[in-house]
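S.K.: Take this structure, written in structure tokens, and hold onto it; I'll ask about it next.
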Amino acid sequence: MRDISGSLARQACAVAAVCLIADAGLFLIAGPPLSLGWRPWVLLIGGILANAALAGPSRYSGWVSAAHGALLTAAPVLLFPYDHYLQATNAGVLIAGYRAGAWLSAKPAVAALVTMLAGLVACNLIPVDRGNRDWRLLIIDVGVSGLLPWMVGRYTTARRAYIADLQRAEEQRQQHEAEAVRRAVVEERTTIARDLHDVISHHVSAIGVHAGAARLGLPEGEPAVRRSLSAVESSSRAAMADLRRLLDLLHGKENGDVQRQPGLDNLDELLDNLRTAGLPARLTSHGGPRELPGSVDIALYRIVQEALTNALRHGDGGIVEIDLAYRQTEVLLTITNEIGRPNASTESTKRGLAGIRQRVALFGGQAECGPLDDGRHWRVRVGFPLEAQ
């Protein structure tokens with residue numbers, strides 16, 4: 001919300017200036033002649049000062065209204081026995097009453113009102129020639145000049161407070177709705193995390209345990225079976241690690257407690273697990289590491305993970321070459337492995353390659369996946385654009 005205090009101060013100065021000019025001009029034109037001596041000058045200067053005070057802080061509104069009330073009382077006293085006197089504050093008394101009603105709390109506002117009403121009554125009753133004035137006209141004059149501006153000020157304050165209450169109520173309603181949505185999201189995430197833990201983690205853990213037990217119970221001389229069981233163990237451990245990270249995110253833990261998503265810094269750990277499963281792999285890096293966007297870093301790790309899983313399932317067990325090149329405007333990842341059984345698990349391989357292409361396209365990269373011309377190797381090559389450095 002923009003600050004309007006400066007605008008209000010300028011408006012108060014403008015109103016005070018208009019009142020000062022109007023009242024001083026009217027007093028000089030239609031008021032008592034200044035030749036009467038010092039008393040008209042006292043009223044004129046007092047009116048100028050009282051009107052100028054209308055530009056002051058609102059907390060002094062009670063004193064300003066009291067000053068106007070005093071001037072109303074002083075005018076007939078100082079100019080007696082001059083019959084055709086004129087108050088030095090006419091427009092100013094209206095604004096003073098409004099400010100007292102609008103800006104002061106209840107008790108000071110009522111005190112200011114009483115002071116102004118007393119001044120209006122006195123200026124109508126003190127003159128000798130007005131002693132027989134119709135009391136109904138007196139009530140109307142006092143009501144119009146004193147009570148009405150004060151009531152308008154109080155109404156303005158009450159309306160402003162009502163609007164502020166409505167705004168606060170709306171803000172609280174929006175906050176409550178946002179909090180309810182946030183709680184619903186947290187509860188839903190917790191439910192999903194609990195279901196994932198109950199339904200998946202127990203079964204994946206059981207798969208790893210049973211695969212390890214089967215591998216240890218095998219007789220000597222079964223390298224292919226041992227390699228397959230080791231692959232099952234490695235995959236189950238990797239799945240559990242990823243599942244734990246996902247559960248942390250769903251539980252909404254603080255940043256310091258959540259295990260971050262794996263990136264290129266975790267490739268060595270991934271390759272060690274695959275070597276344990278019987279798949280030899282070699283990583284070569286060119287161009288020196290660069291700081292990558294977090295989404296690209298995670299995407300590259302997942303692509304390597306998917307490609308190595310395909311090589312483990314469908315390759316012939318030969319070495320897998322991983323080449324990571326940091327170029328000026330892109331990062332290029334190439335994974336090459338020997339084809340073991342070209343026709344084995346075709347649908348699974350297609351799903352894995354489709355997942356790689358989707359992940360690459362999501363972050364504006366390009367992917368090439370397929371067998372090489374020699375018919376013995378399979379290659380996955382992906383590139384992500386980077387800002388030049």
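Each chain in the structure tokens gets a letter, A, B, ..., in the order shown, and its residues are numbered from 1; ligands are numbered from 1 in order too.
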Could you name the residues that touch region 21-23 of chain A at 12 Å or less, counting only C-alpha atoms, but leaving out those on the same chain fewer than 4 positions away, as a list of chain:residue names?
M.R.: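 Residues near the query, excluding close chain neighbours: A:Ala14, A:Val15, A:Ala16, A:Ala17, A:Phe27, A:Leu28, A:Ile29, A:Ala30, A:Gly31, A:Leu43, A:Leu44, A:Ile45, A:Gly46, A:Gly47, A:Ile48, A:Leu49, A:Ala50, A:Asn51, A:Ala52, A:Leu86, A:Gln87, A:Ala88, A:Thr89, A:Asn90, A:Ala91, A:Gly92, A:Val93, A:Leu94.
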S.K.: Need to verify the contact set: Leu267 (chain A), 10 Å, only C-alpha atoms, exclusion of same-chain residues closer than 2 positions in sequence. Can you return it as a list of chain:residue names?
M.R.: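 My list of contacting residues is A:Pro262, A:Gly263, A:Leu264, A:Asp265, A:Glu269, A:Leu270, A:Leu271, A:Asp272, A:Asn273, A:Leu283, A:Leu300, A:Tyr301, A:Arg302, A:Val304, A:Gln305.
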S.K.: Name all residues at most 8 Å from region 57-66 of chain A (count only C-alpha atoms; drop same-chain ones fewer than 2 positions away) and give them as an mmCIF file with all heavy atoms, in the first residue's frame.
M.R.:
data_model
loop_
_atom_site.group_PDB
_atom_site.id
_atom_site.type_symbol
_atom_site.label_atom_id
_atom_site.label_comp_id
_atom_site.auth_asym_id
_atom_site.auth_seq_id
_atom_site.Cartn_x
_atom_site.Cartn_y
_atom_site.Cartn_z
ATOM 1 N N ALA A 50 -5.353 30.940 13.949
ATOM 2 C CA ALA A 50 -6.218 29.779 14.180
ATOM 3 C C ALA A 50 -6.432 28.995 12.881
ATOM 4 O O ALA A 50 -6.437 27.755 12.880
ATOM 5 C CB ALA A 50 -7.551 30.226 14.761
ATOM 6 N N ALA A 53 -3.359 27.078 11.953
ATOM 7 C CA ALA A 53 -3.180 25.884 12.778
ATOM 8 C C ALA A 53 -3.941 24.679 12.228
ATOM 9 O O ALA A 53 -3.677 23.534 12.625
ATOM 10 C CB ALA A 53 -3.629 26.161 14.211
ATOM 11 N N LEU A 54 -4.883 24.915 11.298
ATOM 12 C CA LEU A 54 -5.616 23.789 10.700
ATOM 13 C C LEU A 54 -4.700 22.885 9.882
ATOM 14 O O LEU A 54 -5.050 21.741 9.598
ATOM 15 C CB LEU A 54 -6.736 24.320 9.799
ATOM 16 C CG LEU A 54 -7.878 25.060 10.504
ATOM 17 C CD1 LEU A 54 -8.817 25.664 9.472
ATOM 18 C CD2 LEU A 54 -8.631 24.097 11.426
ATOM 19 N N ALA A 55 -3.530 23.375 9.498
ATOM 20 C CA ALA A 55 -2.569 22.558 8.744
ATOM 21 C C ALA A 55 -1.686 21.722 9.652
ATOM 22 O O ALA A 55 -0.873 20.939 9.164
ATOM 23 C CB ALA A 55 -1.692 23.460 7.866
ATOM 24 N N HIS A 68 -10.694 28.387 18.007
ATOM 25 C CA HIS A 68 -11.769 28.965 17.219
ATOM 26 C C HIS A 68 -12.968 29.326 18.108
ATOM 27 O O HIS A 68 -13.619 30.376 17.916
ATOM 28 C CB HIS A 68 -12.208 28.004 16.111
ATOM 29 C CG HIS A 68 -11.287 27.972 14.936
ATOM 30 N ND1 HIS A 68 -10.122 27.240 14.928
ATOM 31 C CD2 HIS A 68 -11.355 28.607 13.731
ATOM 32 C CE1 HIS A 68 -9.515 27.396 13.761
ATOM 33 N NE2 HIS A 68 -10.233 28.231 13.022
ATOM 34 N N GLY A 69 -13.278 28.456 19.078
ATOM 35 C CA GLY A 69 -14.364 28.769 20.004
ATOM 36 C C GLY A 69 -14.072 30.018 20.817
ATOM 37 O O GLY A 69 -14.967 30.855 21.061
ATOM 38 N N ALA A 70 -12.812 30.182 21.240
ATOM 39 C CA ALA A 70 -12.433 31.375 21.999
ATOM 40 C C ALA A 70 -12.555 32.634 21.153
ATOM 41 O O ALA A 70 -12.988 33.704 21.634
ATOM 42 C CB ALA A 70 -11.006 31.213 22.516
ATOM 43 N N VAL A 93 -14.016 27.723 11.395
ATOM 44 C CA VAL A 93 -14.710 27.032 12.469
ATOM 45 C C VAL A 93 -15.376 25.756 11.961
ATOM 46 O O VAL A 93 -15.489 24.761 12.686
ATOM 47 C CB VAL A 93 -15.736 27.977 13.139
ATOM 48 C CG1 VAL A 93 -16.931 28.210 12.232
ATOM 49 C CG2 VAL A 93 -16.194 27.419 14.483
ATOM 50 N N ALA A 96 -12.501 23.243 11.625
ATOM 51 C CA ALA A 96 -12.029 22.853 12.960
ATOM 52 C C ALA A 96 -12.985 21.852 13.598
ATOM 53 O O ALA A 96 -12.567 20.880 14.238
ATOM 54 C CB ALA A 96 -11.884 24.093 13.835
ATOM 55 N N GLY A 97 -14.304 22.079 13.443
ATOM 56 C CA GLY A 97 -15.268 21.126 13.980
ATOM 57 C C GLY A 97 -15.169 19.767 13.307
ATOM 58 O O GLY A 97 -15.246 18.720 13.961
ATOM 59 N N ARG A 99 -12.473 18.429 11.856
ATOM 60 C CA ARG A 99 -11.231 17.758 12.280
ATOM 61 C C ARG A 99 -11.356 17.199 13.691
ATOM 62 O O ARG A 99 -10.872 16.101 13.977
ATOM 63 C CB ARG A 99 -10.061 18.742 12.193
ATOM 64 C CG ARG A 99 -9.536 18.952 10.784
ATOM 65 C CD ARG A 99 -8.573 20.135 10.739
ATOM 66 N NE ARG A 99 -7.490 20.012 11.707
ATOM 67 C CZ ARG A 99 -6.314 19.425 11.423
ATOM 68 N NH1 ARG A 99 -6.076 18.929 10.219
ATOM 69 N NH2 ARG A 99 -5.369 19.368 12.337
ATOM 70 N N ALA A 100 -12.001 17.955 14.577
ATOM 71 C CA ALA A 100 -12.169 17.460 15.945
ATOM 72 C C ALA A 100 -13.016 16.200 15.966
ATOM 73 O O ALA A 100 -12.733 15.245 16.701
ATOM 74 C CB ALA A 100 -12.797 18.554 16.822
ATOM 75 N N TRP A 103 -10.750 13.178 13.919
ATOM 76 C CA TRP A 103 -9.442 12.689 14.330
ATOM 77 C C TRP A 103 -9.301 12.408 15.822
ATOM 78 O O TRP A 103 -8.373 11.709 16.219
ATOM 79 C CB TRP A 103 -8.371 13.713 13.927
ATOM 80 C CG TRP A 103 -8.226 13.884 12.456
ATOM 81 C CD1 TRP A 103 -8.603 14.959 11.711
ATOM 82 C CD2 TRP A 103 -7.681 12.935 11.528
ATOM 83 N NE1 TRP A 103 -8.331 14.760 10.379
ATOM 84 C CE2 TRP A 103 -7.756 13.516 10.244
ATOM 85 C CE3 TRP A 103 -7.147 11.656 11.658
ATOM 86 C CZ2 TRP A 103 -7.319 12.856 9.102
ATOM 87 C CZ3 TRP A 103 -6.708 11.002 10.522
ATOM 88 C CH2 TRP A 103 -6.790 11.598 9.248
ATOM 89 N N LEU A 104 -10.179 12.950 16.642
ATOM 90 C CA LEU A 104 -10.009 12.776 18.082
ATOM 91 C C LEU A 104 -10.803 11.581 18.580
ATOM 92 O O LEU A 104 -11.809 11.193 17.983
ATOM 93 C CB LEU A 104 -10.461 14.036 18.822
ATOM 94 C CG LEU A 104 -9.677 15.320 18.509
ATOM 95 C CD1 LEU A 104 -10.267 16.488 19.288
ATOM 96 C CD2 LEU A 104 -8.201 15.144 18.824
ATOM 97 N N PRO A 108 -12.027 13.543 24.056
ATOM 98 C CA PRO A 108 -11.516 14.830 23.538
ATOM 99 C C PRO A 108 -12.415 15.414 22.449
ATOM 100 O O PRO A 108 -12.571 16.640 22.350
ATOM 101 C CB PRO A 108 -10.136 14.463 22.980
ATOM 102 C CG PRO A 108 -9.742 13.231 23.708
ATOM 103 C CD PRO A 108 -11.016 12.481 23.939
ATOM 104 N N ALA A 109 -13.015 14.566 21.614
ATOM 105 C CA ALA A 109 -13.897 15.076 20.561
ATOM 106 C C ALA A 109 -15.128 15.741 21.145
ATOM 107 O O ALA A 109 -15.551 16.813 20.685
ATOM 108 C CB ALA A 109 -14.298 13.923 19.628
ATOM 109 N N ALA A 111 -15.346 17.077 24.155
ATOM 110 C CA ALA A 111 -14.907 18.315 24.804
ATOM 111 C C ALA A 111 -14.708 19.429 23.790
ATOM 112 O O ALA A 111 -15.087 20.590 24.020
ATOM 113 C CB ALA A 111 -13.608 18.049 25.564
ATOM 114 N N ALA A 112 -14.122 19.091 22.628
ATOM 115 C CA ALA A 112 -13.942 20.092 21.577
ATOM 116 C C ALA A 112 -15.289 20.589 21.064
ATOM 117 O O ALA A 112 -15.473 21.789 20.804
ATOM 118 C CB ALA A 112 -13.109 19.510 20.439
ATOM 119 N N LEU A 113 -16.239 19.670 20.920
ATOM 120 C CA LEU A 113 -17.582 20.065 20.459
ATOM 121 C C LEU A 113 -18.231 21.022 21.446
ATOM 122 O O LEU A 113 -18.822 22.049 21.048
ATOM 123 C CB LEU A 113 -18.447 18.820 20.262
ATOM 124 C CG LEU A 113 -19.910 19.073 19.911
ATOM 125 C CD1 LEU A 113 -20.021 19.772 18.566
ATOM 126 C CD2 LEU A 113 -20.695 17.772 19.922
ATOM 127 N N THR A 115 -16.809 23.023 23.542
ATOM 128 C CA THR A 115 -16.120 24.319 23.493
ATOM 129 C C THR A 115 -16.599 25.156 22.314
ATOM 130 O O THR A 115 -16.871 26.361 22.438
ATOM 131 C CB THR A 115 -14.607 24.103 23.400
ATOM 132 O OG1 THR A 115 -14.171 23.339 24.531
ATOM 133 C CG2 THR A 115 -13.868 25.429 23.364
ATOM 134 N N MET A 116 -16.730 24.532 21.159
ATOM 135 C CA MET A 116 -17.156 25.269 19.979
ATOM 136 C C MET A 116 -18.618 25.696 20.082
ATOM 137 O O MET A 116 -18.988 26.810 19.686
ATOM 138 C CB MET A 116 -16.935 24.402 18.727
ATOM 139 C CG MET A 116 -15.464 24.105 18.446
ATOM 140 S SD MET A 116 -15.222 23.302 16.863
ATOM 141 C CE MET A 116 -15.733 24.582 15.751
#
S.K.: Determine, counting only C-alpha atoms, which protein, DNA and RNA residues have an atom within 8 Å of an atom of Glu330 (chain A); residues of the same chain fewer than 5 positions away are not included. Present the result as a PDB file with C-alpha atoms, in the first residue's frame.
M.R.:
ATOM      1  CA  GLY A 383      23.030 -32.502 -24.812  1.00  0.00           C
ATOM      2  CA  PHE A 384      21.764 -29.610 -22.728  1.00  0.00           C
ATOM      3  CA  PRO A 385      22.358 -25.966 -23.723  1.00  0.00           C
ATOM      4  CA  LEU A 386      24.239 -23.768 -21.255  1.00  0.00           C
ATOM      5  CA  GLU A 387      24.954 -20.081 -21.015  1.00  0.00           C
TER       6      GLU A 387
END
S.K.: I need the residue nearest Tyr98 (chain A) from this list: A:Leu79, A:Met151, A:Ala24, A:Val142. Use only C-alpha atoms for the distance.
M.R.: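 Under the stated criterion, the closest residue is A:Met151.
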S.K.: In region 214-338 of chain A, what's helix (DSSP H, G or I) per DSSP? Answer as a ChimeraX atom specification?
M.R.: /A:214-216,223-251,264-276,294-314
